[in-house]
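Next comes data_26.txt, with compact mmCIF, C-alpha atoms and all ligand atoms.
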```txt
# COMPACT_ATOMS: atom_id res chain seq x y z
CA MET K 87 0.00 0.00 0.00
CA ALA K 88 2.78 2.43 0.91
CA ASP K 89 4.36 1.75 -2.48
CA LEU K 90 1.09 2.36 -4.27
CA VAL K 91 0.56 5.62 -2.40
CA SER K 92 4.06 6.87 -3.07
CA SER K 93 3.88 5.90 -6.73
CA LEU K 94 0.59 7.75 -7.15
CA LEU K 95 1.42 10.81 -5.00
CA ASN K 96 1.67 13.97 -7.12
CA ASP K 97 5.31 14.94 -7.69
CA ASN K 98 4.74 18.44 -6.31
CA LEU K 99 3.57 16.97 -2.98
CA VAL K 100 6.52 14.68 -2.26
CA ALA K 101 8.60 17.30 -0.43
CA LEU K 102 5.65 19.27 0.95
CA LYS K 103 5.19 19.46 4.72
CA PRO K 104 1.63 20.19 5.94
CA TYR K 105 1.06 23.64 7.45
CA GLU K 106 2.08 23.42 11.10
CA SER K 107 -1.01 25.08 12.50
CA ALA K 108 -0.91 26.03 16.15
CA ARG K 109 -3.50 23.30 16.79
CA ARG K 110 -1.40 20.63 15.08
CA LEU K 111 1.74 21.51 17.03
CA PHE K 112 0.25 21.42 20.54
CA SER K 113 -3.05 19.92 21.58
CA GLY K 114 -2.75 20.34 25.37
CA GLY K 115 -1.97 23.49 27.31
CA GLN K 116 -4.24 25.88 29.14
CA ASP K 117 -3.38 29.26 27.63
CA TRP K 118 -3.54 29.37 23.87
CA LEU K 119 -1.68 32.48 22.76
CA ASN K 120 -0.28 30.82 19.65
CA ALA K 121 -2.88 31.26 16.90
CA ASN K 122 -3.87 34.94 17.11
CA GLU K 123 -7.35 33.97 18.23
CA SER K 124 -9.57 36.28 20.24
CA PRO K 125 -9.87 35.67 24.00
CA TYR K 126 -13.62 36.30 23.70
CA ALA K 127 -16.23 33.62 22.99
CA ASN K 128 -19.46 35.40 22.09
CA THR K 129 -22.85 33.62 22.03
CA TYR K 130 -25.16 33.07 19.04
CA ASN K 131 -28.56 31.59 18.25
CA ILE K 132 -29.15 28.77 15.79
CA ASP K 133 -32.41 28.06 13.95
CA SER K 134 -32.40 24.48 12.68
CA SER K 135 -35.62 24.72 10.66
CA ARG K 136 -33.76 24.82 7.32
CA PHE K 137 -31.09 22.21 8.03
CA ASN K 138 -32.76 19.65 5.73
CA ARG K 139 -32.00 21.95 2.75
CA TYR K 140 -28.70 22.62 1.02
CA PRO K 141 -27.53 26.12 1.85
CA SER K 142 -27.15 28.87 -0.71
CA CYS K 143 -23.67 28.94 -2.29
CA GLN K 144 -23.33 32.60 -1.34
CA PRO K 145 -25.86 33.40 1.41
CA GLN K 146 -27.14 36.83 0.37
CA SER K 147 -27.65 38.05 3.94
CA VAL K 148 -23.99 37.36 4.77
CA VAL K 149 -22.61 38.83 1.53
CA SER K 150 -24.71 41.99 1.90
CA ALA K 151 -23.86 42.40 5.58
CA TYR K 152 -20.14 42.07 4.87
CA ALA K 153 -20.28 44.39 1.86
CA ALA K 154 -21.99 47.03 4.02
CA TYR K 155 -19.45 46.49 6.82
CA ALA K 156 -16.49 46.82 4.41
CA GLY K 157 -18.02 49.70 2.45
CA VAL K 158 -18.03 47.89 -0.92
CA ASP K 159 -20.77 46.66 -3.30
CA ASP K 160 -22.36 43.21 -2.97
CA ASN K 161 -20.89 42.14 -6.33
CA GLN K 162 -17.37 42.87 -5.05
CA VAL K 163 -17.66 40.19 -2.32
CA ILE K 164 -17.34 36.40 -2.23
CA THR K 165 -17.54 34.50 1.05
CA THR K 166 -15.42 31.39 1.65
CA ARG K 167 -14.49 28.76 4.23
CA GLY K 168 -12.08 31.11 5.98
CA ALA K 169 -9.65 33.46 4.27
CA ASP K 170 -7.52 30.36 3.71
CA GLU K 171 -10.02 29.10 1.17
CA GLY K 172 -9.89 32.53 -0.50
CA ILE K 173 -6.12 32.16 -0.89
CA GLU K 174 -6.49 28.72 -2.42
CA LEU K 175 -9.35 29.77 -4.73
CA LEU K 176 -7.30 32.69 -6.06
CA ILE K 177 -4.41 30.35 -6.84
CA ARG K 178 -6.62 27.67 -8.42
CA THR K 179 -8.48 30.26 -10.48
CA PHE K 180 -5.59 32.40 -11.69
CA CYS K 181 -2.50 30.17 -11.80
CA THR K 182 -1.98 27.26 -14.18
CA PRO K 183 -0.28 24.29 -12.43
CA GLY K 184 3.27 23.54 -13.50
CA GLN K 185 3.50 26.88 -15.28
CA ASP K 186 2.56 30.01 -13.29
CA ASN K 187 3.93 31.65 -10.15
CA ILE K 188 2.86 33.71 -7.16
CA LEU K 189 5.06 36.26 -5.37
CA ILE K 190 5.36 36.45 -1.57
CA CYS K 191 7.43 38.67 0.76
CA PRO K 192 8.70 36.59 3.70
CA PRO K 193 8.64 36.50 6.66
CA THR K 194 4.89 36.26 6.16
CA TYR K 195 1.82 34.04 6.54
CA GLY K 196 2.66 30.45 5.61
CA MET K 197 -0.46 29.45 3.70
CA TYR K 198 0.30 31.40 0.49
CA ALA K 199 3.30 29.18 -0.25
CA ILE K 200 1.63 25.97 0.95
CA SER K 201 -1.50 26.52 -1.15
CA ALA K 202 0.67 27.29 -4.19
CA GLN K 203 2.73 24.14 -3.67
CA THR K 204 -0.32 21.91 -3.29
CA CYS K 205 -1.52 23.30 -6.66
CA ASP K 206 1.92 22.84 -8.29
CA VAL K 207 2.26 26.60 -8.70
CA GLY K 208 5.69 28.24 -8.29
CA VAL K 209 6.56 30.60 -5.42
CA LYS K 210 8.87 33.57 -6.05
CA LYS K 211 10.16 35.21 -2.88
CA VAL K 212 11.19 38.81 -2.34
CA PRO K 213 12.08 39.03 1.37
CA LEU K 214 11.13 42.10 3.37
CA ARG K 215 14.03 44.45 4.13
CA ASP K 216 15.72 44.26 7.54
CA ASP K 217 13.23 46.79 8.97
CA PHE K 218 10.35 44.65 7.56
CA THR K 219 9.34 47.20 4.93
CA LEU K 220 8.63 45.98 1.41
CA ASP K 221 11.52 45.82 -1.01
CA VAL K 222 9.46 47.65 -3.63
CA GLU K 223 12.20 47.81 -6.27
CA ALA K 224 12.73 44.05 -6.09
CA VAL K 225 8.99 43.33 -6.08
CA CYS K 226 8.48 45.56 -9.14
CA ALA K 227 11.46 43.99 -10.89
CA THR K 228 9.92 40.51 -10.59
CA SER K 229 8.18 39.27 -13.70
CA ASP K 230 6.19 36.19 -14.60
CA VAL K 231 3.89 36.18 -11.55
CA ASN K 232 0.07 36.04 -11.59
CA LEU K 233 -0.62 36.87 -7.95
CA VAL K 234 1.34 39.12 -5.57
CA PHE K 235 0.50 38.46 -1.90
CA ILE K 236 1.01 41.32 0.54
CA CYS K 237 -0.06 40.87 4.15
CA ALA K 238 -0.93 44.11 5.98
CA PRO K 239 -0.78 44.11 8.95
CA ASN K 240 1.75 41.36 8.32
CA ASN K 241 1.72 38.11 10.27
CA PRO K 242 4.10 37.59 12.10
CA THR K 243 5.90 40.98 12.04
CA GLY K 244 2.87 43.15 12.91
CA THR K 245 4.04 45.76 10.40
CA THR K 246 1.93 47.45 7.75
CA VAL K 247 2.78 48.71 4.28
CA ASN K 248 3.35 52.23 3.16
CA SER K 249 0.52 53.37 0.92
CA ALA K 250 2.74 55.00 -1.73
CA GLN K 251 4.69 51.73 -2.04
CA LEU K 252 1.57 49.62 -2.36
CA THR K 253 0.20 51.97 -5.03
CA GLN K 254 3.47 51.61 -6.92
CA ILE K 255 3.17 47.81 -6.81
CA ILE K 256 -0.50 47.78 -7.87
CA ASP K 257 0.34 50.09 -10.81
CA ARG K 258 3.36 48.01 -11.82
CA PHE K 259 1.22 44.86 -12.10
CA ALA K 260 -1.89 46.59 -13.54
CA ASP K 261 -1.67 44.58 -16.78
CA SER K 262 -0.10 41.37 -15.53
CA ALA K 263 -1.09 40.28 -12.00
CA LEU K 264 -3.60 40.62 -9.18
CA VAL K 265 -2.21 42.21 -6.03
CA VAL K 266 -3.78 40.45 -3.04
CA VAL K 267 -3.71 42.47 0.20
CA ASP K 268 -4.38 40.17 3.15
CA GLU K 269 -6.24 42.26 5.74
CA ALA K 270 -6.92 39.45 8.25
CA TYR K 271 -5.94 41.84 11.10
CA ILE K 272 -7.31 45.08 9.68
CA GLU K 273 -9.75 45.72 12.56
CA PHE K 274 -6.75 46.29 14.83
CA ASP K 275 -5.37 48.95 12.47
CA LYS K 276 -8.51 50.17 10.76
CA GLN K 277 -7.40 53.37 9.10
CA TYR K 278 -5.04 51.45 6.81
CA SER K 279 -7.65 49.40 4.94
CA TRP K 280 -7.51 49.35 1.14
CA ALA K 281 -11.20 48.44 0.77
CA ASP K 282 -12.16 51.97 -0.29
CA LYS K 283 -9.66 51.75 -3.19
CA LEU K 284 -11.17 48.62 -4.77
CA SER K 285 -13.12 50.51 -7.42
CA GLN K 286 -10.05 52.51 -8.34
CA TYR K 287 -7.77 49.49 -8.94
CA PRO K 288 -9.28 46.55 -10.90
CA ASN K 289 -6.26 44.33 -10.09
CA LEU K 290 -6.55 44.85 -6.30
CA VAL K 291 -7.93 41.95 -4.21
CA ILE K 292 -8.48 42.10 -0.43
CA LEU K 293 -8.72 39.14 1.94
CA ARG K 294 -10.73 39.40 5.16
CA THR K 295 -11.80 36.97 7.89
CA LEU K 296 -14.10 36.57 10.89
CA SER K 297 -11.35 34.52 12.62
CA LYS K 298 -9.41 37.27 14.36
CA ALA K 299 -11.13 40.46 15.61
CA PHE K 300 -14.60 38.92 15.16
CA ALA K 301 -13.56 36.10 17.53
CA LEU K 302 -14.88 33.35 15.22
CA ALA K 303 -11.88 31.23 14.25
CA GLY K 304 -14.01 28.15 14.88
CA LEU K 305 -16.64 29.30 12.38
CA ARG K 306 -14.38 29.17 9.30
CA CYS K 307 -15.74 32.18 7.45
CA GLY K 308 -13.76 34.61 5.32
CA PHE K 309 -14.27 37.08 2.50
CA THR K 310 -12.50 38.02 -0.71
CA LEU K 311 -13.20 41.56 -1.94
CA ALA K 312 -12.40 42.27 -5.58
CA HIS K 313 -13.56 43.60 -8.94
CA PRO K 314 -16.83 41.89 -10.00
CA HIS K 315 -14.99 40.11 -12.86
CA VAL K 316 -12.55 38.60 -10.38
CA VAL K 317 -15.46 37.54 -8.14
CA GLU K 318 -17.25 35.94 -11.13
CA SER K 319 -14.10 33.98 -11.99
CA LEU K 320 -13.73 32.70 -8.42
CA MET K 321 -17.38 31.62 -8.55
CA LYS K 322 -16.46 29.17 -11.34
CA VAL K 323 -14.10 27.32 -9.01
CA ILE K 324 -15.70 27.53 -5.55
CA ALA K 325 -17.50 24.44 -4.18
CA PRO K 326 -21.29 24.46 -4.58
CA TYR K 327 -21.99 24.77 -0.82
CA PRO K 328 -18.93 26.29 0.88
CA ILE K 329 -20.87 28.05 3.67
CA PRO K 330 -22.88 25.69 5.92
CA GLU K 331 -26.25 27.02 7.07
CA PRO K 332 -25.23 27.40 10.77
CA VAL K 333 -22.13 29.33 9.66
CA ALA K 334 -24.27 31.71 7.62
CA GLN K 335 -26.62 32.28 10.56
CA ILE K 336 -23.80 33.03 12.97
CA ALA K 337 -21.90 35.22 10.49
CA GLU K 338 -25.03 37.30 9.93
CA GLN K 339 -25.42 37.85 13.69
CA ALA K 340 -21.73 38.72 14.07
CA LEU K 341 -22.04 41.30 11.28
CA SER K 342 -25.18 42.94 12.71
CA LEU K 343 -24.74 46.46 14.06
CA GLU K 344 -24.83 45.04 17.58
CA GLY K 345 -22.17 42.48 16.64
CA GLN K 346 -19.98 45.15 15.08
CA THR K 347 -20.27 47.34 18.19
CA LYS K 348 -19.20 44.43 20.37
CA VAL K 349 -16.20 43.71 18.12
CA GLY K 350 -15.25 47.39 18.25
CA GLN K 351 -15.18 47.29 22.07
CA GLN K 352 -13.25 44.03 22.14
CA VAL K 353 -10.69 45.41 19.66
CA ASP K 354 -10.24 48.52 21.84
CA PHE K 355 -9.64 46.31 24.85
CA ILE K 356 -7.18 44.04 23.00
CA ASN K 357 -5.29 47.07 21.65
CA HIS K 358 -5.09 48.44 25.20
CA GLU K 359 -3.82 45.10 26.58
CA LYS K 360 -1.36 44.89 23.69
CA LYS K 361 0.32 48.14 24.76
CA GLN K 362 0.67 46.88 28.33
CA LEU K 363 1.98 43.50 27.18
CA ALA K 364 4.51 45.09 24.82
CA ALA K 365 5.72 47.49 27.52
CA ALA K 366 6.04 44.68 30.08
CA LEU K 367 7.97 42.49 27.63
CA ALA K 368 10.31 45.31 26.67
CA ASP K 369 11.20 45.71 30.37
CA LEU K 370 12.28 42.08 30.73
CA PRO K 371 15.97 41.12 30.56
CA THR K 372 17.42 40.28 27.10
CA ILE K 373 14.04 40.78 25.41
CA GLU K 374 13.80 43.07 22.41
CA LEU K 375 10.51 43.83 20.65
CA VAL K 376 10.63 43.10 16.93
CA GLY K 377 8.56 44.61 14.10
CA ASP K 378 5.42 46.52 15.02
CA THR K 379 2.21 45.82 16.95
CA ARG K 380 -0.53 46.71 14.46
CA ALA K 381 -2.29 43.32 14.80
CA ASN K 382 -3.32 41.34 17.91
CA PHE K 383 0.10 39.93 18.75
CA VAL K 384 3.58 40.96 19.81
CA LEU K 385 6.81 39.60 18.35
CA PHE K 386 10.01 39.59 20.39
CA ARG K 387 13.56 38.30 20.31
CA THR K 388 15.69 36.80 23.03
CA PRO K 389 18.89 34.76 22.79
CA HIS K 390 17.17 32.33 25.20
CA CYS K 391 14.34 31.73 22.73
CA ALA K 392 14.41 27.91 22.67
CA GLU K 393 14.70 27.44 26.46
CA LEU K 394 12.04 30.07 27.12
CA MET K 395 9.65 28.42 24.65
CA GLU K 396 10.21 25.06 26.32
CA TYR K 397 9.62 26.56 29.77
CA LEU K 398 6.36 28.18 28.69
CA VAL K 399 5.08 25.03 26.98
CA SER K 400 5.86 22.99 30.08
CA HIS K 401 3.62 25.39 32.02
CA GLY K 402 0.76 25.13 29.54
CA MET K 403 1.44 28.59 28.13
CA LEU K 404 1.50 28.20 24.36
CA ILE K 405 2.98 30.92 22.15
CA ARG K 406 4.44 30.56 18.65
CA ASP K 407 8.08 29.99 17.78
CA GLN K 408 8.91 32.04 14.67
CA SER K 409 12.66 31.49 14.78
CA LYS K 410 12.77 29.45 11.57
CA GLN K 411 11.35 32.28 9.45
CA VAL K 412 13.66 34.49 7.34
CA ASN K 413 15.11 37.31 9.48
CA LEU K 414 13.31 36.13 12.61
CA HIS K 415 16.12 34.23 14.30
CA ASN K 416 15.32 33.76 18.02
CA CYS K 417 11.87 35.29 17.68
CA LEU K 418 8.67 34.30 19.50
CA ARG K 419 5.16 35.58 18.80
CA ALA K 420 2.55 35.93 21.54
CA THR K 421 -1.11 36.60 20.82
CA VAL K 422 -2.72 39.21 23.07
CA GLY K 423 -5.07 37.18 25.26
CA SER K 424 -7.31 38.02 28.21
CA GLU K 425 -5.93 40.25 30.97
CA THR K 426 -5.34 37.16 33.13
CA GLN K 427 -3.53 35.32 30.35
CA ASN K 428 -1.31 38.29 29.50
CA LYS K 429 -0.39 38.71 33.17
CA ARG K 430 0.36 35.00 33.46
CA LEU K 431 2.58 35.16 30.37
CA ILE K 432 4.61 38.03 31.84
CA SER K 433 4.94 36.37 35.24
CA LEU K 434 6.06 33.06 33.68
CA ILE K 435 8.70 34.82 31.57
CA THR K 436 9.87 36.80 34.64
CA GLU K 437 10.07 33.53 36.60
CA PHE K 438 12.05 31.91 33.76
CA PHE K 439 14.68 34.64 33.83
CA ASN K 440 14.86 34.60 37.62
CA GLN K 441 15.34 30.82 37.76
CA SER K 442 17.69 30.36 34.87
CA GLY K 443 19.80 33.39 35.73
CA ALA K 444 19.69 33.96 31.97
CA SER K 445 19.54 37.68 32.33
CA ALA K 446 22.87 38.60 30.79
C1 LIG K 501 -5.28 33.78 10.40
C2 LIG K 501 -4.89 34.30 9.04
C3 LIG K 501 -5.59 33.93 7.88
C4 LIG K 501 -6.59 32.82 7.88
O1 LIG K 501 -7.80 33.17 8.23
P1 LIG K 501 -8.99 32.08 8.24
O2 LIG K 501 -10.14 32.94 7.87
O3 LIG K 501 -9.07 31.56 9.64
O4 LIG K 501 -8.71 31.02 7.22
C5 LIG K 501 -5.25 34.52 6.69
N1 LIG K 501 -4.24 35.40 6.61
C6 LIG K 501 -3.52 35.74 7.69
C7 LIG K 501 -2.42 36.71 7.56
C8 LIG K 501 -3.80 35.19 8.93
O5 LIG K 501 -3.04 35.47 10.00
```
Please re-express this file's structure in structure tokens.
Ligand SMILES: *Cc1c(COP(=O)(O)O)cnc(C)c1O
Amino acid sequence: MADLVSSLLNDNLVALKPYESARRLFSGGQDWLNANESPYANTYNIDSSRFNRYPSCQPQSVVSAYAAYAGVDDNQVITTRGADEGIELLIRTFCTPGQDNILICPPTYGMYAISAQTCDVGVKKVPLRDDFTLDVEAVCATSDVNLVFICAPNNPTGTTVNSAQLTQIIDRFADSALVVVDEAYIEFDKQYSWADKLSQYPNLVILRTLSKAFALAGLRCGFTLAHPHVVESLMKVIAPYPIPEPVAQIAEQALSLEGQTKVGQQVDFINHEKKQLAAALADLPTIELVGDTRANFVLFRTPHCAELMEYLVSHGMLIRDQSKQVNLHNCLRATVGSETQNKRLISLITEFFNQSGASA
């Protein structure tokens, strides 16, 4: 059987390692500050009276509610099984396997490259500069790409992109590629959204999700905002029923005015906690903050990265090791959690330095 499987396995999958999601890496633990989830679990109502019917492919109530929330037209929105499905749909729709390429700017979100590889699409990399700004000249000098992925705020550096630079990139690829701006964390840095520029730039695509600020990672609901022609093309490829009925019901409630108000308050609280957490970390021995804090996490470097990570894991405090990413040697990323969790994180790190004497 193993021989059969390996003889049939697609060539492009032989070397591929599955995405190491936070959930796959650690299943135990008590404090999950490793997946940029919200510390809030809000409650919703479910009406099962339509569960015997297939759901609509694009539930109109959800599409309209998101369009209104994002300030775009209904025909500029497609909803998917998380933003991750949006990434994969874009690649499957606009890149021919074995032939086309995407462009990414590492260190960045891992799923762009993984989705491309599973589709046998090439990945061209233009690393961010040392200060985590885009290397615009190098991006613009890259040819033969169909999709350019730019994450802003970027995971895991927490940095955003300069608007003049992004405009330059969108213009450069106006006739040759879609520029996909991943705004998974935009609620934490609202004024920088590109949603209001969609109508101006037909090759601009924006990814959004309910997984982060909306506190619904378990729902699996995301949105791709784009020119209606791009949306129509994605509709050719999307599964017939990507949004289960309970997901549509919950998404609609989350996007109600009441839901949006709640998210606004939770974002304010998380942003407030983030400042405290960043300040407390910066005060600890050997720790240096890295990047920026425009999302719901903080990134920091310490020469004792591996031992600290091990210490935290052994105490059920899970954060994310980013040290294998380009330019992020010795870096750890901690999601901003509840006040109690953030305090516990700081006291565990303080304890680690006190015990190990690793303060030099
Ligand atoms: C979490 C995350 C996503 C995935 O969002 P889902 O909607 O949960 O699939 C996409 N992009 C970035 C940058 C993320 O951090």
Practice problem: May I have the residues within 10 Å of region 191-196 of chain K as a PyMOL selection string, using only C-alpha atoms and disregarding those fewer than 6 positions away in the same chain? | Solution: chain K and resi 105-107+210-215+218-221+225+234-238+240-244+268+408+410-414
Practice problem: Residues within 7 Å of ligand LIG 501 (chain K), counting all atoms listed in the file: report them as a list in words. | Solution: Asn122, Arg167, Gly168, Ala169, Asp170, Glu171, Tyr195, Cys237, Asn240, Asn241, Asp268, Glu269, Ala270, Thr295, Leu296, Ser297, Lys298, Ala303, Arg306, Cys307 and Gly308 of chain K
Quiz item: For the atom pair CA of Gln352 (chain K) and CA of Leu311 (chain K), what is the interatomic distance in Å to one decimal place?
Solution: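 Value for the CA of Gln352 (chain K)-CA of Leu311 (chain K) distance: 24.2 Å.
Closest approach to Ile324 (chain K) from the set K:Leu102, K:Gln146, K:Ile164, K:Ser124 is made by K:Ile164, with distances taken over all atoms listed in the file.
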Quiz prompt | Selected residue of minimal separation from Pro145 (chain K) among K:Tyr126, K:Tyr327, K:Phe274, K:Phe180, counting all atoms listed in the file | solution =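 Comparing K:Tyr126, K:Tyr327, K:Phe274, K:Phe180 against Pro145 (chain K), the winner is K:Tyr327.
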Self-check item: Test item: residues at most 6 Å from region 226-233 of chain K, all atoms listed in the file, excluding those fewer than 2 positions along its chain, as a PyMOL selection string
Solution: chain K and resi 187-188+222-224+263-265
Exercise. In Å, rounded to a single decimal, give me how far CA of Asn289 (chain K) is from CA of Asp261 (chain K).
Key: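 Taking CA of Asp261 (chain K) and CA of Asn289 (chain K), their separation equals 8.1 Å.
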Quiz item: When distances are computed from only C-alpha atoms, which of K:Ala325, K:Val376, K:Ala299, K:Val384 shows the smallest separation from Gln351 (chain K)?
Solution: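 Comparing K:Ala325, K:Val376, K:Ala299, K:Val384 against Gln351 (chain K), the winner is K:Ala299.
Restricting the calculation to only C-alpha atoms, the smallest distance between Ile200 (chain K) and any of K:Asn248, K:Lys276, K:Pro104, K:Gly172 is found for K:Pro104.
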Practice problem: Counting all atoms listed in the file, figure out which residue out of K:Ala368, K:Asn98, K:Tyr198, K:Thr246 gets nearest to Asp217 (chain K). | Solution: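 Result for the nearest residue to Asp217 (chain K): K:Thr246.
What separates CA of Leu290 (chain K) from CA of Ile255 (chain K) is a distance of 10.2 Å.
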Self-check item: All residues 8 Å or closer to Asn382 (chain K), only C-alpha atoms, same chain fewer than 6 positions away omitted, as a list of chain:residue names
Solution: K:Asn122, K:Tyr271, K:Phe274, K:Ile356, K:Asn357, K:Lys360, K:Thr421, K:Val422
Quiz item: Quick one: of K:Thr245, K:Ser400, K:Asn131, K:Asn440, who's nearest to Leu385 (chain K), counting all atoms listed in the file?
Solution: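 Of K:Thr245, K:Ser400, K:Asn131, K:Asn440, the one nearest Leu385 (chain K) is K:Thr245, counting all atoms listed in the file.
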Name the residues in contact with Ile373 (chain K) at a cut-off of 12 Å, using all atoms listed in the file, excluding same-chain residues fewer than 2 positions from it; report them as a PDB file with C-alpha atoms, keeping the file's coordinate frame.
```
ATOM      1  CA  ALA K 364       4.510  45.090  24.820  1.00  0.00           C
ATOM      2  CA  ALA K 365       5.720  47.490  27.520  1.00  0.00           C
ATOM      3  CA  ALA K 366       6.040  44.680  30.080  1.00  0.00           C
ATOM      4  CA  LEU K 367       7.970  42.490  27.630  1.00  0.00           C
ATOM      5  CA  ALA K 368      10.310  45.310  26.670  1.00  0.00           C
ATOM      6  CA  ASP K 369      11.200  45.710  30.370  1.00  0.00           C
ATOM      7  CA  LEU K 370      12.280  42.080  30.730  1.00  0.00           C
ATOM      8  CA  PRO K 371      15.970  41.120  30.560  1.00  0.00           C
ATOM      9  CA  LEU K 375      10.510  43.830  20.650  1.00  0.00           C
ATOM     10  CA  VAL K 376      10.630  43.100  16.930  1.00  0.00           C
ATOM     11  CA  VAL K 384       3.580  40.960  19.810  1.00  0.00           C
ATOM     12  CA  LEU K 385       6.810  39.600  18.350  1.00  0.00           C
ATOM     13  CA  PHE K 386      10.010  39.590  20.390  1.00  0.00           C
ATOM     14  CA  ARG K 387      13.560  38.300  20.310  1.00  0.00           C
ATOM     15  CA  THR K 388      15.690  36.800  23.030  1.00  0.00           C
ATOM     16  CA  PRO K 389      18.890  34.760  22.790  1.00  0.00           C
ATOM     17  CA  HIS K 390      17.170  32.330  25.200  1.00  0.00           C
ATOM     18  CA  CYS K 391      14.340  31.730  22.730  1.00  0.00           C
ATOM     19  CA  LEU K 394      12.040  30.070  27.120  1.00  0.00           C
ATOM     20  CA  ASN K 416      15.320  33.760  18.020  1.00  0.00           C
ATOM     21  CA  CYS K 417      11.870  35.290  17.680  1.00  0.00           C
ATOM     22  CA  LEU K 418       8.670  34.300  19.500  1.00  0.00           C
ATOM     23  CA  ILE K 432       4.610  38.030  31.840  1.00  0.00           C
ATOM     24  CA  ILE K 435       8.700  34.820  31.570  1.00  0.00           C
ATOM     25  CA  THR K 436       9.870  36.800  34.640  1.00  0.00           C
ATOM     26  CA  PHE K 439      14.680  34.640  33.830  1.00  0.00           C
ATOM     27  CA  ALA K 444      19.690  33.960  31.970  1.00  0.00           C
ATOM     28  CA  SER K 445      19.540  37.680  32.330  1.00  0.00           C
ATOM     29  CA  ALA K 446      22.870  38.600  30.790  1.00  0.00           C
TER      30      ALA K 446
END
```
Practice problem: Take the point (1.0, 26.1, -3.5) in the file's coordinates, draw a sphere of radius 10 Å around it, and report as an NGL selection string every protein, DNA or RNA residue with an atom inside or on it, counting all atoms listed in the file. | Solution: :K and (98-99 or 102 or 173-174 or 177-178 or 181 or 183 or 187-188 or 197-209)
Any chance you could model N, CA, C and O atoms for region 377-388 of chain K and send them as a PDB file, keeping the file's coordinate frame?
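Saved the output as part-v1.pdb:
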```
ATOM      1  N   GLY K 377       9.648  44.221  14.997  1.00  0.00           N
ATOM      2  CA  GLY K 377       8.560  44.610  14.100  1.00  0.00           C
ATOM      3  C   GLY K 377       7.678  45.668  14.731  1.00  0.00           C
ATOM      4  O   GLY K 377       8.146  46.554  15.435  1.00  0.00           O
ATOM      5  N   ASP K 378       6.372  45.544  14.503  1.00  0.00           N
ATOM      6  CA  ASP K 378       5.420  46.520  15.020  1.00  0.00           C
ATOM      7  C   ASP K 378       4.259  45.759  15.658  1.00  0.00           C
ATOM      8  O   ASP K 378       4.248  44.519  15.652  1.00  0.00           O
ATOM      9  N   THR K 379       3.301  46.493  16.222  1.00  0.00           N
ATOM     10  CA  THR K 379       2.210  45.820  16.950  1.00  0.00           C
ATOM     11  C   THR K 379       0.858  46.274  16.397  1.00  0.00           C
ATOM     12  O   THR K 379      -0.037  46.628  17.142  1.00  0.00           O
ATOM     13  N   ARG K 380       0.711  46.239  15.069  1.00  0.00           N
ATOM     14  CA  ARG K 380      -0.530  46.710  14.460  1.00  0.00           C
ATOM     15  C   ARG K 380      -1.618  45.638  14.412  1.00  0.00           C
ATOM     16  O   ARG K 380      -2.749  45.923  14.038  1.00  0.00           O
ATOM     17  N   ALA K 381      -1.284  44.396  14.778  1.00  0.00           N
ATOM     18  CA  ALA K 381      -2.290  43.320  14.800  1.00  0.00           C
ATOM     19  C   ALA K 381      -2.619  42.973  16.249  1.00  0.00           C
ATOM     20  O   ALA K 381      -2.553  43.833  17.122  1.00  0.00           O
ATOM     21  N   ASN K 382      -2.972  41.731  16.544  1.00  0.00           N
ATOM     22  CA  ASN K 382      -3.320  41.340  17.910  1.00  0.00           C
ATOM     23  C   ASN K 382      -2.260  40.446  18.530  1.00  0.00           C
ATOM     24  O   ASN K 382      -2.567  39.516  19.250  1.00  0.00           O
ATOM     25  N   PHE K 383      -0.993  40.730  18.182  1.00  0.00           N
ATOM     26  CA  PHE K 383       0.100  39.930  18.750  1.00  0.00           C
ATOM     27  C   PHE K 383       1.338  40.799  18.898  1.00  0.00           C
ATOM     28  O   PHE K 383       1.399  41.883  18.333  1.00  0.00           O
ATOM     29  N   VAL K 384       2.289  40.290  19.693  1.00  0.00           N
ATOM     30  CA  VAL K 384       3.580  40.960  19.810  1.00  0.00           C
ATOM     31  C   VAL K 384       4.675  39.950  19.433  1.00  0.00           C
ATOM     32  O   VAL K 384       4.548  38.755  19.711  1.00  0.00           O
ATOM     33  N   LEU K 385       5.699  40.445  18.783  1.00  0.00           N
ATOM     34  CA  LEU K 385       6.810  39.600  18.350  1.00  0.00           C
ATOM     35  C   LEU K 385       8.047  40.092  19.101  1.00  0.00           C
ATOM     36  O   LEU K 385       8.267  41.300  19.202  1.00  0.00           O
ATOM     37  N   PHE K 386       8.818  39.158  19.645  1.00  0.00           N
ATOM     38  CA  PHE K 386      10.010  39.590  20.390  1.00  0.00           C
ATOM     39  C   PHE K 386      11.145  38.597  20.214  1.00  0.00           C
ATOM     40  O   PHE K 386      10.941  37.441  19.862  1.00  0.00           O
ATOM     41  N   ARG K 387      12.360  39.118  20.479  1.00  0.00           N
ATOM     42  CA  ARG K 387      13.560  38.300  20.310  1.00  0.00           C
ATOM     43  C   ARG K 387      14.291  38.181  21.628  1.00  0.00           C
ATOM     44  O   ARG K 387      14.359  39.134  22.389  1.00  0.00           O
ATOM     45  N   THR K 388      14.800  36.995  21.888  1.00  0.00           N
ATOM     46  CA  THR K 388      15.690  36.800  23.030  1.00  0.00           C
ATOM     47  C   THR K 388      16.678  35.695  22.667  1.00  0.00           C
ATOM     48  O   THR K 388      16.291  34.707  22.034  1.00  0.00           O
TER      49      THR K 388
END
```
